[in-house]
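Next comes upload-v1.pdb, a file with PDB, C-alpha atoms.
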```pdb
ATOM      1  CA  MET Y1224       6.805  -2.917 -12.762  1.00  0.00           C
ATOM      2  CA  PRO Y1225       9.500  -0.360 -13.525  1.00  0.00           C
ATOM      3  CA  GLN Y1226       9.222   3.120 -12.055  1.00  0.00           C
ATOM      4  CA  PRO Y1227       7.568   5.467 -14.611  1.00  0.00           C
ATOM      5  CA  LYS Y1228       9.902   8.097 -16.040  1.00  0.00           C
ATOM      6  CA  THR Y1229       7.299  10.447 -17.555  1.00  0.00           C
ATOM      7  CA  ASP Y1230       3.906  11.807 -16.515  1.00  0.00           C
ATOM      8  CA  ALA Y1231       2.312   9.893 -19.408  1.00  0.00           C
ATOM      9  CA  GLU Y1232       3.870   6.616 -18.217  1.00  0.00           C
ATOM     10  CA  ARG Y1233       2.714   7.318 -14.663  1.00  0.00           C
ATOM     11  CA  ASN Y1234      -0.836   7.982 -15.880  1.00  0.00           C
ATOM     12  CA  ARG Y1235      -0.833   4.681 -17.831  1.00  0.00           C
ATOM     13  CA  VAL Y1236       0.323   2.781 -14.735  1.00  0.00           C
ATOM     14  CA  ALA Y1237      -2.435   4.401 -12.658  1.00  0.00           C
ATOM     15  CA  GLU Y1238      -5.056   3.606 -15.309  1.00  0.00           C
ATOM     16  CA  ASP Y1239      -3.877  -0.024 -15.507  1.00  0.00           C
ATOM     17  CA  CYS Y1240      -3.961  -0.316 -11.721  1.00  0.00           C
ATOM     18  CA  ALA Y1241      -7.454   1.192 -11.519  1.00  0.00           C
ATOM     19  CA  ALA Y1242      -8.692  -1.171 -14.239  1.00  0.00           C
ATOM     20  CA  LYS Y1243      -7.176  -4.272 -12.606  1.00  0.00           C
ATOM     21  CA  LEU Y1244      -8.578  -3.301  -9.209  1.00  0.00           C
ATOM     22  CA  LYS Y1245     -11.929  -2.355 -10.810  1.00  0.00           C
ATOM     23  CA  LEU Y1246     -11.886   1.060  -9.145  1.00  0.00           C
ATOM     24  CA  SER Y1247     -14.912   3.189  -9.953  1.00  0.00           C
ATOM     25  CA  ILE Y1248     -13.877   6.226  -7.938  1.00  0.00           C
ATOM     26  CA  PRO Y1249     -12.033   9.260  -9.278  1.00  0.00           C
ATOM     27  CA  PHE Y1250      -8.341   9.402  -8.498  1.00  0.00           C
ATOM     28  CA  VAL Y1251      -5.513  11.869  -8.958  1.00  0.00           C
ATOM     29  CA  VAL Y1252      -1.999  11.060 -10.152  1.00  0.00           C
ATOM     30  CA  ASP Y1253       0.952  13.144  -8.993  1.00  0.00           C
ATOM     31  CA  GLU Y1254       3.572  14.295 -11.501  1.00  0.00           C
ATOM     32  CA  VAL Y1255       6.749  12.243 -11.880  1.00  0.00           C
ATOM     33  CA  SER Y1256       8.509  14.925  -9.843  1.00  0.00           C
ATOM     34  CA  ASN Y1257       6.322  13.872  -6.859  1.00  0.00           C
ATOM     35  CA  ARG Y1258       5.873  17.545  -6.018  1.00  0.00           C
ATOM     36  CA  VAL Y1259       2.492  17.024  -4.334  1.00  0.00           C
ATOM     37  CA  GLY Y1260       3.599  13.835  -2.596  1.00  0.00           C
ATOM     38  CA  GLU Y1261       6.620  15.551  -1.126  1.00  0.00           C
ATOM     39  CA  ALA Y1262       4.563  18.545  -0.015  1.00  0.00           C
ATOM     40  CA  TYR Y1263       1.832  16.518   1.735  1.00  0.00           C
ATOM     41  CA  ALA Y1264       3.266  13.090   2.450  1.00  0.00           C
ATOM     42  CA  GLY Y1265       4.252  11.995   5.871  1.00  0.00           C
ATOM     43  CA  TRP Y1266       6.308   8.987   6.717  1.00  0.00           C
ATOM     44  CA  PRO Y1267       5.056   6.402   7.287  1.00  0.00           C
ATOM     45  CA  ASP Y1268       2.305   6.313   4.687  1.00  0.00           C
ATOM     46  CA  ARG Y1269      -1.204   7.444   5.567  1.00  0.00           C
ATOM     47  CA  LEU Y1270      -4.604   7.217   3.923  1.00  0.00           C
ATOM     48  CA  TYR Y1271      -6.450  10.481   3.313  1.00  0.00           C
ATOM     49  CA  ILE Y1272      -9.851  11.595   2.102  1.00  0.00           C
ATOM     50  CA  VAL Y1273      -9.788  15.050   0.522  1.00  0.00           C
ATOM     51  CA  GLY Y1274     -13.112  16.873   0.533  1.00  0.00           C
ATOM     52  CA  LYS Y1275     -14.605  18.760  -2.383  1.00  0.00           C
ATOM     53  CA  ASP Y1276     -13.322  21.932  -0.770  1.00  0.00           C
ATOM     54  CA  GLY Y1277      -9.745  20.643  -1.120  1.00  0.00           C
ATOM     55  CA  ARG Y1278      -9.291  20.234   2.638  1.00  0.00           C
ATOM     56  CA  ILE Y1279      -8.344  16.979   4.312  1.00  0.00           C
ATOM     57  CA  ALA Y1280     -11.555  15.379   5.581  1.00  0.00           C
ATOM     58  CA  TYR Y1281      -9.906  12.229   6.964  1.00  0.00           C
ATOM     59  CA  LYS Y1282      -6.347  11.368   7.914  1.00  0.00           C
ATOM     60  CA  GLY Y1283      -5.707   7.761   8.817  1.00  0.00           C
ATOM     61  CA  GLY Y1284      -3.147   6.426  11.230  1.00  0.00           C
ATOM     62  CA  PRO Y1285       0.445   5.669  10.218  1.00  0.00           C
ATOM     63  CA  GLY Y1286       0.587   2.720   7.842  1.00  0.00           C
ATOM     64  CA  PRO Y1287       0.579   0.107   6.984  1.00  0.00           C
ATOM     65  CA  GLY Y1288      -0.259  -1.100  10.502  1.00  0.00           C
ATOM     66  CA  GLY Y1289      -2.387   1.950  11.257  1.00  0.00           C
ATOM     67  CA  PHE Y1290      -4.581   1.673   8.178  1.00  0.00           C
ATOM     68  CA  ASP Y1291      -8.158   1.191   9.376  1.00  0.00           C
ATOM     69  CA  VAL Y1292     -10.272   0.501   6.316  1.00  0.00           C
ATOM     70  CA  ARG Y1293     -13.505   0.279   8.332  1.00  0.00           C
ATOM     71  CA  GLU Y1294     -12.882   3.655   9.945  1.00  0.00           C
ATOM     72  CA  MET Y1295     -12.039   5.232   6.594  1.00  0.00           C
ATOM     73  CA  SER Y1296     -15.085   3.654   4.924  1.00  0.00           C
ATOM     74  CA  ALA Y1297     -17.341   4.964   7.692  1.00  0.00           C
ATOM     75  CA  LYS Y1298     -15.918   8.476   7.297  1.00  0.00           C
ATOM     76  CA  LEU Y1299     -16.373   8.334   3.523  1.00  0.00           C
ATOM     77  CA  ALA Y1300     -19.981   7.183   3.963  1.00  0.00           C
ATOM     78  CA  GLU Y1301     -20.542  10.081   6.384  1.00  0.00           C
ATOM     79  CA  ILE Y1302     -19.071  12.582   3.908  1.00  0.00           C
ATOM     80  CA  LEU Y1303     -21.145  11.224   1.022  1.00  0.00           C
ATOM     81  CA  ALA Y1304     -24.341  11.241   3.111  1.00  0.00           C
ATOM     82  CA  ALA Y1305     -23.736  14.872   4.041  1.00  0.00           C
ATOM     83  CA  GLU Y1306     -23.229  15.707   0.339  1.00  0.00           C
ATOM     84  CA  GLU Y1307     -26.534  14.046  -0.574  1.00  0.00           C
ATOM     85  CA  LYS Y1308     -28.370  16.223   1.949  1.00  0.00           C
ATOM     86  CA  LYS Y1309     -27.106  19.411   0.276  1.00  0.00           C
TER      87      LYS Y1309
END
```
Encoding of this model in structure tokens:
Amino acid sequence: MPQPKTDAERNRVAEDCAAKLKLSIPFVVDEVSNRVGEAYAGWPDRLYIVGKDGRIAYKGGPGPGGFDVREMSAKLAEILAAEEKK
């Protein structure tokens, strides 16, 4: 798939990806300028969970070898359980 050149194209790619992967969670798409990605990204890639307060609630290990889906899933379950108690 070619690299999107506009924000609208990038949003369409993200929507197509979410539909194909049957994602039912909210997601955020950075602008084509990658301003947010450049401000927060670290190399190598990492997986993050951002809390409702906008703070990083989980930061995974360096990827792709450091991605621990079970660990991240457990943290997400913990965050969601805490939200339900509120």
Who sits within 12 Å of Asp1276 in chain Y, all atoms listed in the file, same chain under 4 positions skipped, as a PDB file with C-alpha atoms, in the frame of the given file:
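To be explicit, this is the file written out as part.pdb:
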```
ATOM      1  CA  ILE Y1272      -9.851  11.595   2.102  1.00  0.00           C
ATOM      2  CA  ALA Y1280     -11.555  15.379   5.581  1.00  0.00           C
ATOM      3  CA  ILE Y1302     -19.071  12.582   3.908  1.00  0.00           C
ATOM      4  CA  GLU Y1306     -23.229  15.707   0.339  1.00  0.00           C
TER       5      GLU Y1306
END
```
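One finds CA of Arg1258 in chain Y at 18.7 Å from CA of Arg1235 in chain Y.
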Which of Y:Ala1305, Y:Leu1246, Y:Val1273, Y:Val1252 sits closest to Pro1227 in chain Y [using all atoms listed in the file]: Y:Val1252
Evaluate the PyMOL selection byres ((chain Y and resi 1224-1226) around 12) and report residues as JSON, numbers by chain: {"Y": [1227, 1228, 1229, 1230, 1232, 1233, 1234, 1235, 1236, 1237, 1239, 1240, 1255]}
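When CA of Asn1257 in chain Y is paired with CA of Gly1286 in chain Y, their separation reads 19.3 Å.
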Length of the CA of Glu1307 in chain Y to CA of Tyr1271 in chain Y vector [Å]: 20.8 Å
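Residues in contact with Lys1298 in chain Y at 12 Å, where only C-alpha atoms are counted and same-chain residues fewer than 3 positions away are skipped, are listed as Leu1270, Tyr1271, Ile1272, Val1273, Gly1274, Ile1279, Ala1280, Tyr1281, Lys1282, Gly1283, Asp1291, Val1292, Arg1293, Glu1294, Met1295, Glu1301, Ile1302, Leu1303, Ala1304 and Ala1305 of chain Y.
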